[in-house]
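Participant: The following block contains the structure, expressed as structure tokens.
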Amino acid sequence: MKKYIMALDQGTTSSRCILFNREGKICSMAQKEFTQYFPKPGWVEHDPMEIWSSQISVATEAMSRIGVASREIGAIGITNQRETTIVWDKATGEPVYPAIVWQCRRTADIIEELKADGFDRLILEKTGLIPDAYFSGSKVKWILDHVEGARERAQKGELLFGTVDTWLIWKLTQGAVHVTDYTNASRTMLFDIHNLAWDKEILERLDIPECMLPQVKPSSCIYGYTDESVLQGGIPIAGAAGDQQAALFGQCCLEKGDVKNTYGTGCFLLMNTGEQAVRSRNGLLTTIAASFSDKVQYALEGSVFVAGAAIQWLRDDLEMLRNAGESEKYCLSVENSNDIYVVPAFTGLGAPYWDQYARGVVVGITRGTGKAHLIRATVESLAYQVHDVIKAMEQDAGVPLNSLKVDGGACANNFLMQFQSDILNARVERPQCIETTALGAAYLAGIAVGFWKDREEIRKYWALEHAFAPDMDEEKRSGLLKGWKKAVRCSFDWARD
Ligand code: G3P
């Protein structure tokens, strides 16, 4: 009897595994943070082997915590940090270079070259993406350009490329399956989101051989089975989606116009636009939402690169917090941020500004600025960034947003959620299960194997935990936003030569 669906949630800073039961409830969970490498300013890398070992160890841990055997698991759904790029040897499984993480800025020059001769317009038209070092395309090119012999080996079919979903599926099947899903493919900057195919013109321009790319499939289907040597059984791997698209699904944002925001390492706001690929005029991306067949749904996305990562910075680098949760206490210990603003543009600015050269700033410091003010201003920066993205989305959609569904770690912070509601002047809805990324991946896998019937069934499991209503007068709101806009301008272009 199949009792559980396993979600593997491979995020930017940790690998997690959650086992869900038939009611979509969490039965067991295990999590492990892994090493972040910052070899140069603006560069971010992971060790692909540590991604794999941490992921498989949490899977085993989650199973043993409640004594689950692999035969009780109906399917595995994978969700992952998107865009992060891995290239490995097909025969040995050895990565030829560390994983270049989505946040890494090393390929800004490659993007500048594409922009210089107008190729960025073609990329935007075909991929729905505003060319940026964020996406996988320039990262694959960088590896092929810089690792000796890599391009020749790739041309001979000896090397494979994958985003993290692809890497995990390849490892879980011991090299039998080289595949990705439409959501992840749509973040590579190499995929034509209208024709649903790798784009030959872009591949040629970046000099990337097509034979190293995975086969692309819907987000809910059986890709393969785990090899007996991992997890002691052949479990179907039946769901895969980039973490933000998985969260959109897990939040049951299944209809056109539904919006969610995830407060993770970054903040990612997605609006389901149904079968129409809407082109933004305000700095948002067009991307593919989790789909069950080759008839895909699309979404508009506002990507903010640094959100929870700023709290992690307060904790790990400035050593101002013992844990992220403590930030709420500091925020509430002061009446306001004492007119200081933190713009955490550590890896440039994403939507709606798209400035590869922006860097972080703290402005307005006086002799009266204290630790709690700095912490509060950092937490507030998450809400301001989300505000800016929502304004862009409202302009694209032509309608104001009445409410926002939230999830991700930082949405547990009640101060932040209230401030978010105040600054947006809109209702913020937090569901009972805030692990919606993992839940979305589980739903996709579970539906593929018949564990759940369909989208209608899972809709029943979404339940509200708390709604935050706006409680700030217009004068205060517009004053705070004016200061924020001024602060953002200070961060622009800082790292440009
Ligand atoms: O696009 C990057 C995104 O997928 C990373 O998500 O949750 O690891 O911040 P997260």
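Labels for the structure tokens follow display order: chains A, B, ..., residues from 1 in each chain, ligands from 1.
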Taking only residues of chain A that have an atom at most 10 Å from an atom of ligand 1, what is each one's shortest atom pair and its distance in Å to one decimal, using only C-alpha atoms and all ligand atoms, in chain and number order, as a Markdown table?
Facilitator:
```
| residue | atom | partner | partner_atom_place_in_ligand_line | distance |
| --- | --- | --- | --- | --- |
| A:Asp9 | CA | ligand 1 | 7 (O) | 9.0 |
| A:Gln10 | CA | ligand 1 | 8 (O) | 7.5 |
| A:Gly11 | CA | ligand 1 | 8 (O) | 4.0 |
| A:Thr12 | CA | ligand 1 | 8 (O) | 3.8 |
| A:Thr13 | CA | ligand 1 | 8 (O) | 6.5 |
| A:Ser14 | CA | ligand 1 | 8 (O) | 8.0 |
| A:Ser15 | CA | ligand 1 | 8 (O) | 9.6 |
| A:Thr79 | CA | ligand 1 | 4 (O) | 9.0 |
| A:Asn80 | CA | ligand 1 | 4 (O) | 6.4 |
| A:Gln81 | CA | ligand 1 | 4 (O) | 3.8 |
| A:Arg82 | CA | ligand 1 | 4 (O) | 3.9 |
| A:Glu83 | CA | ligand 1 | 1 (O) | 6.1 |
| A:Thr84 | CA | ligand 1 | 2 (C) | 7.8 |
| A:Val101 | CA | ligand 1 | 2 (C) | 8.7 |
| A:Trp102 | CA | ligand 1 | 2 (C) | 6.0 |
| A:Gln103 | CA | ligand 1 | 2 (C) | 7.7 |
| A:Tyr134 | CA | ligand 1 | 1 (O) | 7.8 |
| A:Phe135 | CA | ligand 1 | 1 (O) | 8.2 |
| A:Asn184 | CA | ligand 1 | 4 (O) | 9.1 |
| A:Arg187 | CA | ligand 1 | 1 (O) | 7.9 |
| A:Ala241 | CA | ligand 1 | 4 (O) | 9.8 |
| A:Gly242 | CA | ligand 1 | 4 (O) | 6.1 |
| A:Asp243 | CA | ligand 1 | 4 (O) | 5.2 |
| A:Gln244 | CA | ligand 1 | 4 (O) | 5.8 |
| A:Gln245 | CA | ligand 1 | 4 (O) | 8.7 |
| A:Ala246 | CA | ligand 1 | 4 (O) | 9.8 |
| A:Ala247 | CA | ligand 1 | 7 (O) | 9.5 |
| A:Thr262 | CA | ligand 1 | 7 (O) | 7.5 |
| A:Tyr263 | CA | ligand 1 | 9 (O) | 7.4 |
| A:Gly264 | CA | ligand 1 | 9 (O) | 4.2 |
| A:Thr265 | CA | ligand 1 | 9 (O) | 3.4 |
| A:Gly266 | CA | ligand 1 | 9 (O) | 4.4 |
| A:Cys267 | CA | ligand 1 | 9 (O) | 6.7 |
| A:Phe268 | CA | ligand 1 | 3 (C) | 7.4 |
| A:Ser303 | CA | ligand 1 | 1 (O) | 7.1 |
| A:Val304 | CA | ligand 1 | 1 (O) | 8.7 |
| A:Phe305 | CA | ligand 1 | 2 (C) | 7.5 |
| A:Val306 | CA | ligand 1 | 9 (O) | 8.0 |
| A:Ala307 | CA | ligand 1 | 9 (O) | 8.0 |
| A:Gly308 | CA | ligand 1 | 9 (O) | 7.6 |
| A:Ala309 | CA | ligand 1 | 9 (O) | 8.1 |
| A:Gly408 | CA | ligand 1 | 7 (O) | 7.6 |
| A:Gly409 | CA | ligand 1 | 7 (O) | 9.1 |
| A:Thr437 | CA | ligand 1 | 7 (O) | 8.3 |
```
Participant: Considering only C-alpha atoms, return as a compact mmCIF listing (two decimals) with N, CA, C and O atoms, in the first residue's frame whatever protein or nucleic-acid residues lie within 10 Å of A:Arg359, sequence-local ones (same chain, fewer than 2 positions apart) excluded.
Facilitator:
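Wrote it out as result04.txt, contents follow:
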```
# COMPACT_ATOMS: atom_id res chain seq x y z
N GLY A 42 30.97 38.49 -6.03
CA GLY A 42 29.90 38.30 -7.02
C GLY A 42 29.81 36.88 -7.58
O GLY A 42 28.90 36.58 -8.34
N VAL A 343 19.46 48.12 1.00
CA VAL A 343 19.11 47.55 -0.31
C VAL A 343 20.05 46.37 -0.53
O VAL A 343 21.24 46.57 -0.80
N PRO A 344 19.56 45.15 -0.37
CA PRO A 344 20.47 44.00 -0.42
C PRO A 344 20.77 43.53 -1.86
O PRO A 344 20.51 42.38 -2.20
N ALA A 345 21.31 44.44 -2.65
CA ALA A 345 21.58 44.11 -4.07
C ALA A 345 22.93 43.39 -4.17
O ALA A 345 23.78 43.76 -4.98
N PHE A 346 23.10 42.34 -3.34
CA PHE A 346 24.42 41.68 -3.25
C PHE A 346 24.86 41.09 -4.58
O PHE A 346 26.04 40.98 -4.86
N THR A 347 23.90 40.64 -5.36
CA THR A 347 24.26 40.00 -6.65
C THR A 347 23.54 40.73 -7.79
O THR A 347 23.00 40.11 -8.69
N GLY A 348 23.54 42.05 -7.72
CA GLY A 348 22.83 42.83 -8.73
C GLY A 348 21.36 42.91 -8.36
O GLY A 348 20.93 42.36 -7.33
N LEU A 349 20.58 43.59 -9.18
CA LEU A 349 19.14 43.69 -8.93
C LEU A 349 18.39 42.99 -10.05
O LEU A 349 18.69 43.19 -11.22
N ASP A 355 19.60 45.33 -13.03
CA ASP A 355 20.91 45.99 -13.08
C ASP A 355 21.95 44.99 -12.59
O ASP A 355 22.05 44.72 -11.39
N GLN A 356 22.72 44.41 -13.54
CA GLN A 356 23.72 43.40 -13.19
C GLN A 356 24.80 43.98 -12.30
O GLN A 356 25.53 43.26 -11.63
N TYR A 357 24.94 45.31 -12.35
CA TYR A 357 26.07 45.96 -11.66
C TYR A 357 25.66 46.64 -10.36
O TYR A 357 26.47 47.27 -9.71
N VAL A 361 23.56 48.48 -0.57
CA VAL A 361 23.86 49.74 0.13
C VAL A 361 23.05 49.82 1.43
O VAL A 361 21.97 49.24 1.54
N VAL A 488 17.22 52.73 -3.44
CA VAL A 488 17.47 51.81 -4.56
C VAL A 488 18.34 52.50 -5.61
O VAL A 488 19.29 51.91 -6.15
N CYS A 490 20.60 54.58 -5.17
CA CYS A 490 22.00 54.62 -4.72
C CYS A 490 22.74 53.32 -5.05
O CYS A 490 23.97 53.29 -5.10
N SER A 491 21.99 52.23 -5.21
CA SER A 491 22.67 50.94 -5.45
C SER A 491 23.00 50.72 -6.93
O SER A 491 23.84 49.90 -7.28
N PHE A 492 22.35 51.47 -7.80
CA PHE A 492 22.49 51.24 -9.25
C PHE A 492 23.94 51.37 -9.71
O PHE A 492 24.65 52.29 -9.29
N ASP A 493 24.34 50.42 -10.56
CA ASP A 493 25.58 50.57 -11.33
C ASP A 493 26.87 50.53 -10.53
O ASP A 493 27.94 50.81 -11.08
N TRP A 494 26.79 50.25 -9.24
CA TRP A 494 27.96 50.39 -8.36
C TRP A 494 29.18 49.62 -8.86
O TRP A 494 30.32 50.09 -8.78
N ALA A 495 28.97 48.39 -9.39
CA ALA A 495 30.12 47.54 -9.73
C ALA A 495 30.59 47.70 -11.18
O ALA A 495 31.45 46.94 -11.64
N ARG A 496 30.01 48.66 -11.89
CA ARG A 496 30.44 48.83 -13.29
C ARG A 496 31.79 49.54 -13.31
O ARG A 496 32.02 50.46 -12.53
```
Participant: Can you pull out every residue from stretch 73-128 of chain A that DSSP, working from the backbone, puts in helix (DSSP H, G or I), and format the result as a ChimeraX atom specification?
Facilitator: /A:108-116,119-127
Participant: Take the selection from the previous step and output its residues with C-alpha atoms, as an mmCIF file, in the first residue's frame.
Facilitator:
```cif
data_model
loop_
_atom_site.group_PDB
_atom_site.id
_atom_site.type_symbol
_atom_site.label_atom_id
_atom_site.label_comp_id
_atom_site.auth_asym_id
_atom_site.auth_seq_id
_atom_site.Cartn_x
_atom_site.Cartn_y
_atom_site.Cartn_z
ATOM 1 C CA ALA A 108 27.828 39.607 -16.908
ATOM 2 C CA ASP A 109 30.288 40.335 -19.763
ATOM 3 C CA ILE A 110 28.836 37.587 -21.950
ATOM 4 C CA ILE A 111 25.410 39.180 -21.483
ATOM 5 C CA GLU A 112 26.771 42.633 -22.324
ATOM 6 C CA GLU A 113 28.091 41.245 -25.608
ATOM 7 C CA LEU A 114 24.671 39.805 -26.457
ATOM 8 C CA LYS A 115 23.087 43.151 -25.740
ATOM 9 C CA ALA A 116 25.658 45.078 -27.749
ATOM 10 C CA PHE A 119 20.675 39.653 -29.725
ATOM 11 C CA ASP A 120 18.920 40.324 -26.409
ATOM 12 C CA ARG A 121 15.712 41.115 -28.308
ATOM 13 C CA LEU A 122 15.679 37.724 -29.999
ATOM 14 C CA ILE A 123 16.352 36.024 -26.652
ATOM 15 C CA LEU A 124 13.482 37.886 -24.998
ATOM 16 C CA GLU A 125 11.106 36.996 -27.811
ATOM 17 C CA LYS A 126 11.937 33.303 -27.822
ATOM 18 C CA THR A 127 12.700 32.556 -24.185
#
```
Participant: Could you check which of A:Arg427, A:Arg322, A:His387, A:Arg105 is closest to A:Leu480, using only C-alpha atoms?
Facilitator: A:His387
Participant: Would you mind reading off the distance between atom CA of A:Ala299 and atom CA of A:Leu270, one decimal, in Å?
Facilitator: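 Between atom CA of A:Ala299 and atom CA of A:Leu270 the gap is 6.2 Å.
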Participant: When you draw a straight line from atom CA of A:Thr369 to atom CA of A:Asn336, how long is it in Å?
Facilitator: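 Answer for the atom CA of A:Thr369 to atom CA of A:Asn336 separation: 10.9 Å.
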Participant: Measuring atom to atom with only C-alpha atoms, identify which of A:Glu228, A:Asn338, A:Ser220, A:Met472 is nearest to A:Asp454.
Facilitator: A:Ser220
Participant: Under the rule of at most 12 Å, produce a per-residue listing of stretch 173-231 of chain A near stretch 58-71 of chain A: chain, number, name, the closest pair of atoms, and the distance in Å, as JSON lines, using only C-alpha atoms.
Facilitator:
```
{"residue": "A:Tyr225", "atom": "CA", "partner": "A:Ser70", "partner_atom": "CA", "distance": 11.8}
{"residue": "A:Thr226", "atom": "CA", "partner": "A:Ser70", "partner_atom": "CA", "distance": 10.1}
{"residue": "A:Asp227", "atom": "CA", "partner": "A:Ser70", "partner_atom": "CA", "distance": 11.7}
{"residue": "A:Glu228", "atom": "CA", "partner": "A:Ser70", "partner_atom": "CA", "distance": 10.1}
{"residue": "A:Ser229", "atom": "CA", "partner": "A:Ser70", "partner_atom": "CA", "distance": 11.8}
{"residue": "A:Val230", "atom": "CA", "partner": "A:Thr60", "partner_atom": "CA", "distance": 9.3}
{"residue": "A:Leu231", "atom": "CA", "partner": "A:Ser70", "partner_atom": "CA", "distance": 6.6}
```
Participant: Please run DSSP on the backbone and report, as a list of chain:residue names, all residues within stretch 319-493 of chain A that come out as strand (DSSP E or B).
Facilitator: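 DSSP-assigned strand (DSSP E or B) residues in stretch 319-493 of chain A: A:Tyr341, A:Val342, A:Val343, A:Phe346, A:Gly348, A:Leu349, A:Asp355, A:Val361, A:Val362, A:Val363, A:Ser403, A:Leu404, A:Lys405, A:Val406, A:Asp407, A:Arg427, A:Val428, A:Glu429, A:Arg430, A:Pro431, A:Leu464, A:Glu465, A:His466, A:Ala467, A:Phe468.
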Participant: Which residue out of A:Ile100, A:Ala185, A:Ile458, A:Ala351 has the minimum interatomic distance to A:Tyr37 when only C-alpha atoms are used?
Facilitator: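 Checking each candidate against A:Tyr37, we get A:Ile100 as the closest.
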Participant: Find the residues near A:Leu285: any atom within 7 Å, counting only C-alpha atoms, skip ones fewer than 2 places away on the same chain, and give them as number ranges by chain.
Facilitator: A: 128-130, 280, 283, 287, 300-302
Participant: Report the distance between atom CA of A:Ser381 and atom CA of A:Leu269 in Å, rounded to one decimal place.
Facilitator: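 It comes out at 15.2 Å.
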Participant: Write out as a PyMOL selection string the residues lying within 9 Å of stretch 445-450 of chain A, counting only C-alpha atoms and excluding same-chain residues fewer than 4 positions away.
Facilitator: chain A and resi 4-7+74-78+219-222+236-240+292+440-441+454-455
Participant: Write the residues of the selection above to a file with N, CA, C and O atoms, as a PDB file, in the first residue's frame.
Facilitator:
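Output contents, as saved in out_1.pdb:
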```
ATOM      1  N   TYR A   4       2.740   7.353   1.051  1.00  0.00           N
ATOM      2  CA  TYR A   4       3.387   8.671   1.022  1.00  0.00           C
ATOM      3  C   TYR A   4       3.867   9.050  -0.379  1.00  0.00           C
ATOM      4  O   TYR A   4       4.140   8.186  -1.205  1.00  0.00           O
ATOM      5  N   ILE A   5       4.003  10.362  -0.547  1.00  0.00           N
ATOM      6  CA  ILE A   5       4.736  10.878  -1.703  1.00  0.00           C
ATOM      7  C   ILE A   5       5.943  11.612  -1.132  1.00  0.00           C
ATOM      8  O   ILE A   5       5.825  12.382  -0.162  1.00  0.00           O
ATOM      9  N   MET A   6       7.096  11.357  -1.729  1.00  0.00           N
ATOM     10  CA  MET A   6       8.326  11.997  -1.251  1.00  0.00           C
ATOM     11  C   MET A   6       8.640  13.221  -2.111  1.00  0.00           C
ATOM     12  O   MET A   6       8.698  13.106  -3.342  1.00  0.00           O
ATOM     13  N   ALA A   7       8.838  14.358  -1.456  1.00  0.00           N
ATOM     14  CA  ALA A   7       9.286  15.541  -2.195  1.00  0.00           C
ATOM     15  C   ALA A   7      10.748  15.802  -1.855  1.00  0.00           C
ATOM     16  O   ALA A   7      11.121  15.859  -0.680  1.00  0.00           O
ATOM     17  N   GLY A  74       4.752   6.214  -2.962  1.00  0.00           N
ATOM     18  CA  GLY A  74       4.083   6.120  -4.260  1.00  0.00           C
ATOM     19  C   GLY A  74       4.895   6.724  -5.391  1.00  0.00           C
ATOM     20  O   GLY A  74       4.877   6.220  -6.521  1.00  0.00           O
ATOM     21  N   ALA A  75       5.592   7.790  -5.097  1.00  0.00           N
ATOM     22  CA  ALA A  75       6.387   8.463  -6.134  1.00  0.00           C
ATOM     23  C   ALA A  75       7.279   9.516  -5.484  1.00  0.00           C
ATOM     24  O   ALA A  75       7.063   9.907  -4.332  1.00  0.00           O
ATOM     25  N   ILE A  76       8.241   9.972  -6.268  1.00  0.00           N
ATOM     26  CA  ILE A  76       9.120  11.064  -5.834  1.00  0.00           C
ATOM     27  C   ILE A  76       8.861  12.270  -6.737  1.00  0.00           C
ATOM     28  O   ILE A  76       8.785  12.129  -7.967  1.00  0.00           O
ATOM     29  N   GLY A  77       8.713  13.437  -6.113  1.00  0.00           N
ATOM     30  CA  GLY A  77       8.631  14.685  -6.873  1.00  0.00           C
ATOM     31  C   GLY A  77       9.861  15.515  -6.545  1.00  0.00           C
ATOM     32  O   GLY A  77      10.260  15.607  -5.384  1.00  0.00           O
ATOM     33  N   ILE A  78      10.445  16.085  -7.570  1.00  0.00           N
ATOM     34  CA  ILE A  78      11.666  16.877  -7.359  1.00  0.00           C
ATOM     35  C   ILE A  78      11.383  18.344  -7.622  1.00  0.00           C
ATOM     36  O   ILE A  78      10.704  18.691  -8.602  1.00  0.00           O
ATOM     37  N   SER A 219       5.826  18.502 -16.386  1.00  0.00           N
ATOM     38  CA  SER A 219       6.264  18.470 -14.977  1.00  0.00           C
ATOM     39  C   SER A 219       5.665  17.307 -14.202  1.00  0.00           C
ATOM     40  O   SER A 219       6.091  17.015 -13.083  1.00  0.00           O
ATOM     41  N   SER A 220       4.649  16.673 -14.767  1.00  0.00           N
ATOM     42  CA  SER A 220       3.985  15.578 -14.068  1.00  0.00           C
ATOM     43  C   SER A 220       3.921  14.375 -14.993  1.00  0.00           C
ATOM     44  O   SER A 220       3.017  14.260 -15.815  1.00  0.00           O
ATOM     45  N   CYS A 221       4.910  13.505 -14.894  1.00  0.00           N
ATOM     46  CA  CYS A 221       4.928  12.275 -15.688  1.00  0.00           C
ATOM     47  C   CYS A 221       6.044  11.390 -15.128  1.00  0.00           C
ATOM     48  O   CYS A 221       6.897  11.874 -14.394  1.00  0.00           O
ATOM     49  N   ILE A 222       6.022  10.118 -15.471  1.00  0.00           N
ATOM     50  CA  ILE A 222       7.078   9.245 -14.931  1.00  0.00           C
ATOM     51  C   ILE A 222       8.333   9.383 -15.802  1.00  0.00           C
ATOM     52  O   ILE A 222       8.324   9.047 -16.979  1.00  0.00           O
ATOM     53  N   PRO A 236       9.027   5.337  -8.581  1.00  0.00           N
ATOM     54  CA  PRO A 236       8.881   6.202  -9.765  1.00  0.00           C
ATOM     55  C   PRO A 236       9.215   7.666  -9.448  1.00  0.00           C
ATOM     56  O   PRO A 236       8.773   8.188  -8.425  1.00  0.00           O
ATOM     57  N   ILE A 237      10.004   8.266 -10.317  1.00  0.00           N
ATOM     58  CA  ILE A 237      10.275   9.710 -10.201  1.00  0.00           C
ATOM     59  C   ILE A 237       9.268  10.339 -11.158  1.00  0.00           C
ATOM     60  O   ILE A 237       9.364  10.182 -12.378  1.00  0.00           O
ATOM     61  N   ALA A 238       8.263  11.000 -10.596  1.00  0.00           N
ATOM     62  CA  ALA A 238       7.091  11.320 -11.420  1.00  0.00           C
ATOM     63  C   ALA A 238       6.714  12.800 -11.429  1.00  0.00           C
ATOM     64  O   ALA A 238       5.694  13.171 -12.006  1.00  0.00           O
ATOM     65  N   GLY A 239       7.524  13.631 -10.770  1.00  0.00           N
ATOM     66  CA  GLY A 239       7.231  15.066 -10.795  1.00  0.00           C
ATOM     67  C   GLY A 239       8.533  15.840 -10.778  1.00  0.00           C
ATOM     68  O   GLY A 239       9.495  15.426 -10.124  1.00  0.00           O
ATOM     69  N   ALA A 240       8.592  16.923 -11.531  1.00  0.00           N
ATOM     70  CA  ALA A 240       9.764  17.800 -11.477  1.00  0.00           C
ATOM     71  C   ALA A 240       9.317  19.190 -11.872  1.00  0.00           C
ATOM     72  O   ALA A 240       8.590  19.368 -12.850  1.00  0.00           O
ATOM     73  N   PHE A 292       0.868  19.454 -17.190  1.00  0.00           N
ATOM     74  CA  PHE A 292       0.702  18.002 -17.235  1.00  0.00           C
ATOM     75  C   PHE A 292       0.928  17.398 -18.610  1.00  0.00           C
ATOM     76  O   PHE A 292       0.963  16.199 -18.769  1.00  0.00           O
ATOM     77  N   GLY A 440       3.982  21.251  -3.782  1.00  0.00           N
ATOM     78  CA  GLY A 440       3.702  21.330  -5.220  1.00  0.00           C
ATOM     79  C   GLY A 440       4.376  20.193  -5.968  1.00  0.00           C
ATOM     80  O   GLY A 440       3.770  19.551  -6.840  1.00  0.00           O
ATOM     81  N   ALA A 441       5.637  19.915  -5.610  1.00  0.00           N
ATOM     82  CA  ALA A 441       6.370  18.827  -6.278  1.00  0.00           C
ATOM     83  C   ALA A 441       5.712  17.486  -5.964  1.00  0.00           C
ATOM     84  O   ALA A 441       5.592  16.615  -6.827  1.00  0.00           O
ATOM     85  N   ASP A 454      -6.757  14.435  -9.225  1.00  0.00           N
ATOM     86  CA  ASP A 454      -6.561  15.542 -10.155  1.00  0.00           C
ATOM     87  C   ASP A 454      -6.385  16.856  -9.395  1.00  0.00           C
ATOM     88  O   ASP A 454      -6.330  16.870  -8.167  1.00  0.00           O
ATOM     89  N   ARG A 455      -6.348  17.945 -10.142  1.00  0.00           N
ATOM     90  CA  ARG A 455      -6.136  19.264  -9.539  1.00  0.00           C
ATOM     91  C   ARG A 455      -7.292  19.635  -8.619  1.00  0.00           C
ATOM     92  O   ARG A 455      -7.106  20.319  -7.626  1.00  0.00           O
TER      93      ARG A 455
END
```
Participant: What lies within 12 Å of A:Gln432 using only C-alpha atoms, ignoring chain neighbours under 6 positions off, as a list in words?
Facilitator: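 Result of the neighbour search: Gly24, Lys25, Ile26, Gly250, Gln251, Lys405, Val406, Asp407, Gly408, Cys411, Ala412, Leu439, Tyr461, Trp462, Ala463, Leu464, Glu465, His466 and Ala467 of chain A.
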Participant: At a cut-off of 7 Å, using only C-alpha atoms, what residues contact A:Gly364? Leave out same-chain residues fewer than 4 positions from it and give the result as a ChimeraX atom specification.
Facilitator: /A:339-341
Participant: Can I get the selected residues back with N, CA and C atoms, as a PDB file, in the first residue's frame?
Facilitator:
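As written to disk, part-v4.pdb reads:
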```pdb
ATOM      1  N   ASP A 339      14.683  55.633   9.874  1.00  0.00           N
ATOM      2  CA  ASP A 339      14.986  56.240   8.567  1.00  0.00           C
ATOM      3  C   ASP A 339      16.191  55.649   7.854  1.00  0.00           C
ATOM      4  N   ILE A 340      16.578  54.436   8.194  1.00  0.00           N
ATOM      5  CA  ILE A 340      17.646  53.835   7.373  1.00  0.00           C
ATOM      6  C   ILE A 340      17.029  52.808   6.418  1.00  0.00           C
ATOM      7  N   TYR A 341      17.698  52.593   5.322  1.00  0.00           N
ATOM      8  CA  TYR A 341      17.262  51.608   4.327  1.00  0.00           C
ATOM      9  C   TYR A 341      18.432  50.698   3.988  1.00  0.00           C
TER      10      TYR A 341
END
```
